[in-house]
file coords_5.cif (mmCIF, N, CA and C atoms)
data_input
#
loop_
_atom_site.label_atom_id
_atom_site.label_comp_id
_atom_site.auth_asym_id
_atom_site.auth_seq_id
_atom_site.Cartn_x
_atom_site.Cartn_y
_atom_site.Cartn_z
N ARG S 1 2.29 28.54 -0.08
CA ARG S 1 1.91 27.98 1.21
C ARG S 1 0.49 28.43 1.51
N ILE S 2 -0.31 27.50 2.04
CA ILE S 2 -1.71 27.78 2.36
C ILE S 2 -1.92 27.53 3.84
N ASP S 3 -2.56 28.47 4.52
CA ASP S 3 -2.90 28.30 5.93
C ASP S 3 -4.03 27.27 6.02
N ALA S 4 -3.78 26.16 6.70
CA ALA S 4 -4.76 25.07 6.79
C ALA S 4 -6.03 25.50 7.51
N GLY S 5 -5.93 26.44 8.42
CA GLY S 5 -7.10 26.87 9.19
C GLY S 5 -8.02 27.81 8.43
N THR S 6 -7.42 28.70 7.63
CA THR S 6 -8.21 29.72 6.95
C THR S 6 -8.31 29.51 5.44
N GLY S 7 -7.37 28.75 4.87
CA GLY S 7 -7.34 28.57 3.42
C GLY S 7 -6.66 29.71 2.70
N ALA S 8 -6.14 30.69 3.46
CA ALA S 8 -5.48 31.84 2.85
C ALA S 8 -4.11 31.46 2.28
N ILE S 9 -3.81 31.98 1.10
CA ILE S 9 -2.50 31.74 0.49
C ILE S 9 -1.50 32.70 1.14
N GLU S 10 -0.44 32.13 1.73
CA GLU S 10 0.54 32.93 2.46
C GLU S 10 1.84 33.12 1.69
N GLY S 11 2.08 32.32 0.69
CA GLY S 11 3.32 32.45 -0.07
C GLY S 11 3.32 31.56 -1.29
N ARG S 12 4.07 31.98 -2.33
CA ARG S 12 4.20 31.20 -3.56
C ARG S 12 5.64 31.26 -4.00
N ARG S 13 6.08 30.21 -4.70
CA ARG S 13 7.45 30.18 -5.21
C ARG S 13 7.47 29.28 -6.43
N ARG S 14 8.05 29.74 -7.51
CA ARG S 14 8.28 28.91 -8.69
C ARG S 14 9.63 28.24 -8.56
N THR S 15 9.69 26.96 -8.87
CA THR S 15 10.95 26.23 -8.78
C THR S 15 11.66 26.15 -10.12
N GLY S 16 10.98 26.52 -11.20
CA GLY S 16 11.59 26.53 -12.51
C GLY S 16 11.40 25.26 -13.30
N GLY S 17 10.99 24.19 -12.67
CA GLY S 17 10.80 22.92 -13.37
C GLY S 17 9.33 22.55 -13.46
N SER S 18 9.07 21.48 -14.17
CA SER S 18 7.72 20.95 -14.30
C SER S 18 7.57 19.81 -13.29
N ILE S 19 6.72 20.01 -12.31
CA ILE S 19 6.57 19.05 -11.22
C ILE S 19 5.29 18.25 -11.39
N CYS S 20 5.41 16.92 -11.39
CA CYS S 20 4.22 16.09 -11.43
C CYS S 20 4.11 15.23 -10.17
N ALA S 21 5.18 15.13 -9.38
CA ALA S 21 5.17 14.39 -8.12
C ALA S 21 4.59 15.28 -7.02
N ALA S 22 4.11 14.65 -5.97
CA ALA S 22 3.58 15.41 -4.83
C ALA S 22 4.71 16.11 -4.08
N LEU S 23 4.43 17.30 -3.59
CA LEU S 23 5.36 17.99 -2.71
C LEU S 23 5.34 17.27 -1.36
N VAL S 24 6.49 17.24 -0.69
CA VAL S 24 6.58 16.57 0.60
C VAL S 24 7.10 17.55 1.64
N HIS S 25 6.47 17.59 2.82
CA HIS S 25 6.88 18.47 3.91
C HIS S 25 7.45 17.62 5.04
N ALA S 26 8.65 18.00 5.52
CA ALA S 26 9.27 17.31 6.66
C ALA S 26 10.30 18.23 7.28
N ALA S 27 10.35 18.25 8.60
CA ALA S 27 11.37 18.99 9.36
C ALA S 27 11.47 20.46 8.93
N GLY S 28 10.32 21.08 8.70
CA GLY S 28 10.32 22.50 8.36
C GLY S 28 10.76 22.81 6.94
N ARG S 29 10.77 21.79 6.09
CA ARG S 29 11.20 21.96 4.70
C ARG S 29 10.16 21.35 3.76
N VAL S 30 10.11 21.88 2.53
CA VAL S 30 9.28 21.32 1.48
C VAL S 30 10.21 20.82 0.38
N TYR S 31 10.00 19.57 -0.06
CA TYR S 31 10.82 18.95 -1.09
C TYR S 31 9.99 18.83 -2.36
N ALA S 32 10.54 19.36 -3.47
CA ALA S 32 9.87 19.30 -4.77
C ALA S 32 10.82 18.66 -5.77
N LEU S 33 10.41 17.54 -6.37
CA LEU S 33 11.21 16.83 -7.37
C LEU S 33 10.56 17.04 -8.72
N ASP S 34 11.30 17.67 -9.67
CA ASP S 34 10.69 17.94 -10.97
C ASP S 34 10.96 16.81 -11.96
N ARG S 35 10.33 16.89 -13.13
CA ARG S 35 10.39 15.82 -14.14
C ARG S 35 11.80 15.58 -14.65
N GLU S 36 12.66 16.59 -14.59
CA GLU S 36 14.02 16.46 -15.10
C GLU S 36 14.98 15.87 -14.07
N GLY S 37 14.52 15.63 -12.84
CA GLY S 37 15.35 15.04 -11.80
C GLY S 37 15.96 16.05 -10.83
N LYS S 38 15.53 17.31 -10.90
CA LYS S 38 16.04 18.33 -9.98
C LYS S 38 15.16 18.38 -8.74
N THR S 39 15.80 18.29 -7.57
CA THR S 39 15.10 18.44 -6.30
C THR S 39 15.36 19.85 -5.77
N THR S 40 14.28 20.55 -5.43
CA THR S 40 14.39 21.87 -4.81
C THR S 40 13.88 21.74 -3.39
N VAL S 41 14.69 22.21 -2.43
CA VAL S 41 14.32 22.18 -1.01
C VAL S 41 14.02 23.61 -0.59
N LEU S 42 12.82 23.81 -0.06
CA LEU S 42 12.37 25.14 0.36
C LEU S 42 12.14 25.18 1.86
N ARG S 43 12.40 26.33 2.47
CA ARG S 43 12.03 26.52 3.88
C ARG S 43 10.51 26.64 3.93
N ALA S 44 9.87 25.90 4.81
CA ALA S 44 8.41 25.86 4.89
C ALA S 44 7.89 27.00 5.76
N ASP S 45 8.05 28.22 5.26
CA ASP S 45 7.48 29.39 5.93
C ASP S 45 6.89 30.30 4.86
N GLY S 46 6.43 31.47 5.22
CA GLY S 46 5.83 32.38 4.26
C GLY S 46 6.77 32.83 3.16
N GLU S 47 8.07 32.80 3.42
CA GLU S 47 9.05 33.24 2.43
C GLU S 47 9.37 32.16 1.40
N LEU S 48 9.27 30.89 1.78
CA LEU S 48 9.60 29.77 0.92
C LEU S 48 10.99 29.93 0.29
N GLU S 49 11.96 30.26 1.13
CA GLU S 49 13.34 30.45 0.68
C GLU S 49 13.91 29.14 0.14
N VAL S 50 14.62 29.20 -0.99
CA VAL S 50 15.26 28.02 -1.55
C VAL S 50 16.50 27.72 -0.71
N LEU S 51 16.52 26.54 -0.08
CA LEU S 51 17.65 26.12 0.76
C LEU S 51 18.68 25.33 -0.03
N ALA S 52 18.22 24.56 -1.03
CA ALA S 52 19.14 23.74 -1.82
C ALA S 52 18.47 23.33 -3.11
N GLU S 53 19.29 23.06 -4.12
CA GLU S 53 18.86 22.48 -5.39
C GLU S 53 19.87 21.41 -5.76
N ASN S 54 19.39 20.24 -6.10
CA ASN S 54 20.25 19.12 -6.46
C ASN S 54 19.68 18.45 -7.70
N GLU S 55 20.57 17.99 -8.59
CA GLU S 55 20.11 17.34 -9.80
C GLU S 55 20.57 15.89 -9.85
N LEU S 56 19.64 15.02 -10.22
CA LEU S 56 19.92 13.60 -10.41
C LEU S 56 19.76 13.27 -11.89
N PRO S 57 20.49 12.27 -12.39
CA PRO S 57 20.35 11.92 -13.79
C PRO S 57 19.02 11.23 -14.07
N GLY S 58 18.41 11.58 -15.17
CA GLY S 58 17.20 10.91 -15.61
C GLY S 58 15.93 11.59 -15.16
N PRO S 59 14.86 11.33 -15.87
CA PRO S 59 13.57 11.90 -15.50
C PRO S 59 13.05 11.32 -14.19
N ALA S 60 12.24 12.10 -13.50
CA ALA S 60 11.68 11.68 -12.21
C ALA S 60 10.20 12.01 -12.15
N PHE S 61 9.40 11.04 -11.75
CA PHE S 61 7.96 11.23 -11.64
C PHE S 61 7.42 10.82 -10.28
N ALA S 62 8.25 10.20 -9.45
CA ALA S 62 7.82 9.71 -8.14
C ALA S 62 8.02 10.78 -7.06
N SER S 63 7.17 10.78 -6.07
CA SER S 63 7.29 11.70 -4.95
C SER S 63 8.43 11.26 -4.03
N PRO S 64 9.14 12.22 -3.43
CA PRO S 64 10.17 11.86 -2.46
C PRO S 64 9.54 11.16 -1.25
N ALA S 65 10.31 10.29 -0.61
CA ALA S 65 9.89 9.65 0.64
C ALA S 65 10.89 10.07 1.71
N ILE S 66 10.38 10.43 2.90
CA ILE S 66 11.25 10.92 3.96
C ILE S 66 10.89 10.21 5.26
N LEU S 67 11.93 9.68 5.94
CA LEU S 67 11.72 8.99 7.21
C LEU S 67 12.99 9.09 8.04
N ASP S 68 12.88 9.53 9.27
CA ASP S 68 14.00 9.59 10.22
C ASP S 68 15.25 10.24 9.64
N GLY S 69 15.08 11.37 8.97
CA GLY S 69 16.22 12.10 8.44
C GLY S 69 16.79 11.54 7.15
N THR S 70 16.12 10.57 6.56
CA THR S 70 16.56 9.97 5.30
C THR S 70 15.60 10.38 4.19
N VAL S 71 16.15 10.85 3.07
CA VAL S 71 15.35 11.22 1.91
C VAL S 71 15.60 10.17 0.83
N ILE S 72 14.53 9.61 0.29
CA ILE S 72 14.64 8.62 -0.77
C ILE S 72 14.00 9.20 -2.03
N LEU S 73 14.79 9.22 -3.11
CA LEU S 73 14.34 9.76 -4.39
C LEU S 73 14.48 8.69 -5.45
N ARG S 74 13.49 8.63 -6.36
CA ARG S 74 13.55 7.65 -7.45
C ARG S 74 13.44 8.37 -8.78
N THR S 75 14.35 8.04 -9.69
CA THR S 75 14.27 8.51 -11.07
C THR S 75 14.06 7.29 -11.95
N ASP S 76 13.94 7.50 -13.26
CA ASP S 76 13.78 6.37 -14.17
C ASP S 76 15.00 5.46 -14.15
N GLY S 77 16.17 6.01 -13.76
CA GLY S 77 17.39 5.23 -13.82
C GLY S 77 17.97 4.79 -12.49
N GLY S 78 17.38 5.20 -11.37
CA GLY S 78 17.99 4.81 -10.10
C GLY S 78 17.16 5.17 -8.88
N LEU S 79 17.58 4.62 -7.76
CA LEU S 79 16.97 4.89 -6.46
C LEU S 79 18.06 5.47 -5.57
N TYR S 80 17.81 6.62 -4.95
CA TYR S 80 18.82 7.35 -4.19
C TYR S 80 18.38 7.51 -2.75
N CYS S 81 19.30 7.22 -1.83
CA CYS S 81 19.08 7.38 -0.39
C CYS S 81 20.04 8.45 0.10
N ILE S 82 19.50 9.53 0.63
CA ILE S 82 20.32 10.67 1.07
C ILE S 82 20.09 10.89 2.55
N ARG S 83 21.21 10.92 3.30
CA ARG S 83 21.14 11.15 4.75
C ARG S 83 22.09 12.27 5.12
N GLU S 84 21.66 13.11 6.04
CA GLU S 84 22.53 14.15 6.56
C GLU S 84 23.69 13.48 7.30
N GLY S 85 24.91 13.85 6.95
CA GLY S 85 26.07 13.26 7.60
C GLY S 85 26.50 11.93 7.00
N GLY S 86 25.75 11.43 6.01
CA GLY S 86 26.11 10.15 5.37
C GLY S 86 25.88 8.98 6.30
N GLY S 87 26.53 7.88 6.04
CA GLY S 87 26.40 6.70 6.89
C GLY S 87 25.22 5.84 6.53
N GLN S 88 25.13 4.72 7.21
CA GLN S 88 24.06 3.75 6.98
C GLN S 88 22.81 4.15 7.73
N PRO S 89 21.63 3.87 7.16
CA PRO S 89 20.36 4.17 7.85
C PRO S 89 20.15 3.27 9.06
#
call {"tool": "encode", "arguments": {"input": "coords_5.cif", "output": "structure tokens"}}
result
Amino acid sequence: RIDAGTGAIEGRRRTGGSICAALVHAAGRVYALDREGKTTVLRADGELEVLAENELPGPAFASPAILDGTVILRTDGGLYCIREGGGQP
């Protein structure tokens, strides 16, 4: 994590995968999707605590998209829409 005002590095965390997609920040969380299809969700603070890890089948190179509590992930084999509590968007 980098302080936007000072440029100081406040925290670092390795997710274990090779990430080529952009990291996405939303609702106090950072979403990282690695090339193998694993999504790591981190708390967006100095600790960068891992909140969740989820794996999807197939390689992934696209950045996650997030809107109104919906996370959209794309792998080579599919498009996934994830919402808290399920249901239709």
call {"tool": "atom_distance", "arguments": {"input": "coords_5.cif", "atom1": "atom CA of S:Arg29", "atom2": "atom CA of S:Asp45"}}
result
8.4 Å
call {"tool": "axis_aligned_box", "arguments": {"input": "coords_5.cif", "around": "stretch 21-34 of chain S", "padding_each_side": "5 Å", "output": "lines of an AutoDock Vina configuration file"}}
result
center_x = 7.5
center_y = 18.6
center_z = -1.3
size_x = 17.9
size_y = 18.4
size_z = 31.3
call {"tool": "atom_distance", "arguments": {"input": "coords_5.cif", "atom1": "atom N of S:Ala21", "atom2": "atom C of S:Gly5"}}
result
25.5 Å
call {"tool": "closest_residue", "arguments": {"input": "coords_5.cif", "among": "S:Lys38, S:Arg83, S:Arg43, S:His25", "to": "S:Glu55", "atoms": "all atoms listed in the file"}}
result
S:Lys38
call {"tool": "resolve_selection", "arguments": {"input": "coords_5.cif", "expression": "the PyMOL selection byres ((chain S and resi 70) around 6.5)", "output": "PyMOL selection string"}}
result
chain S and resi 65-69+71-72+81-84
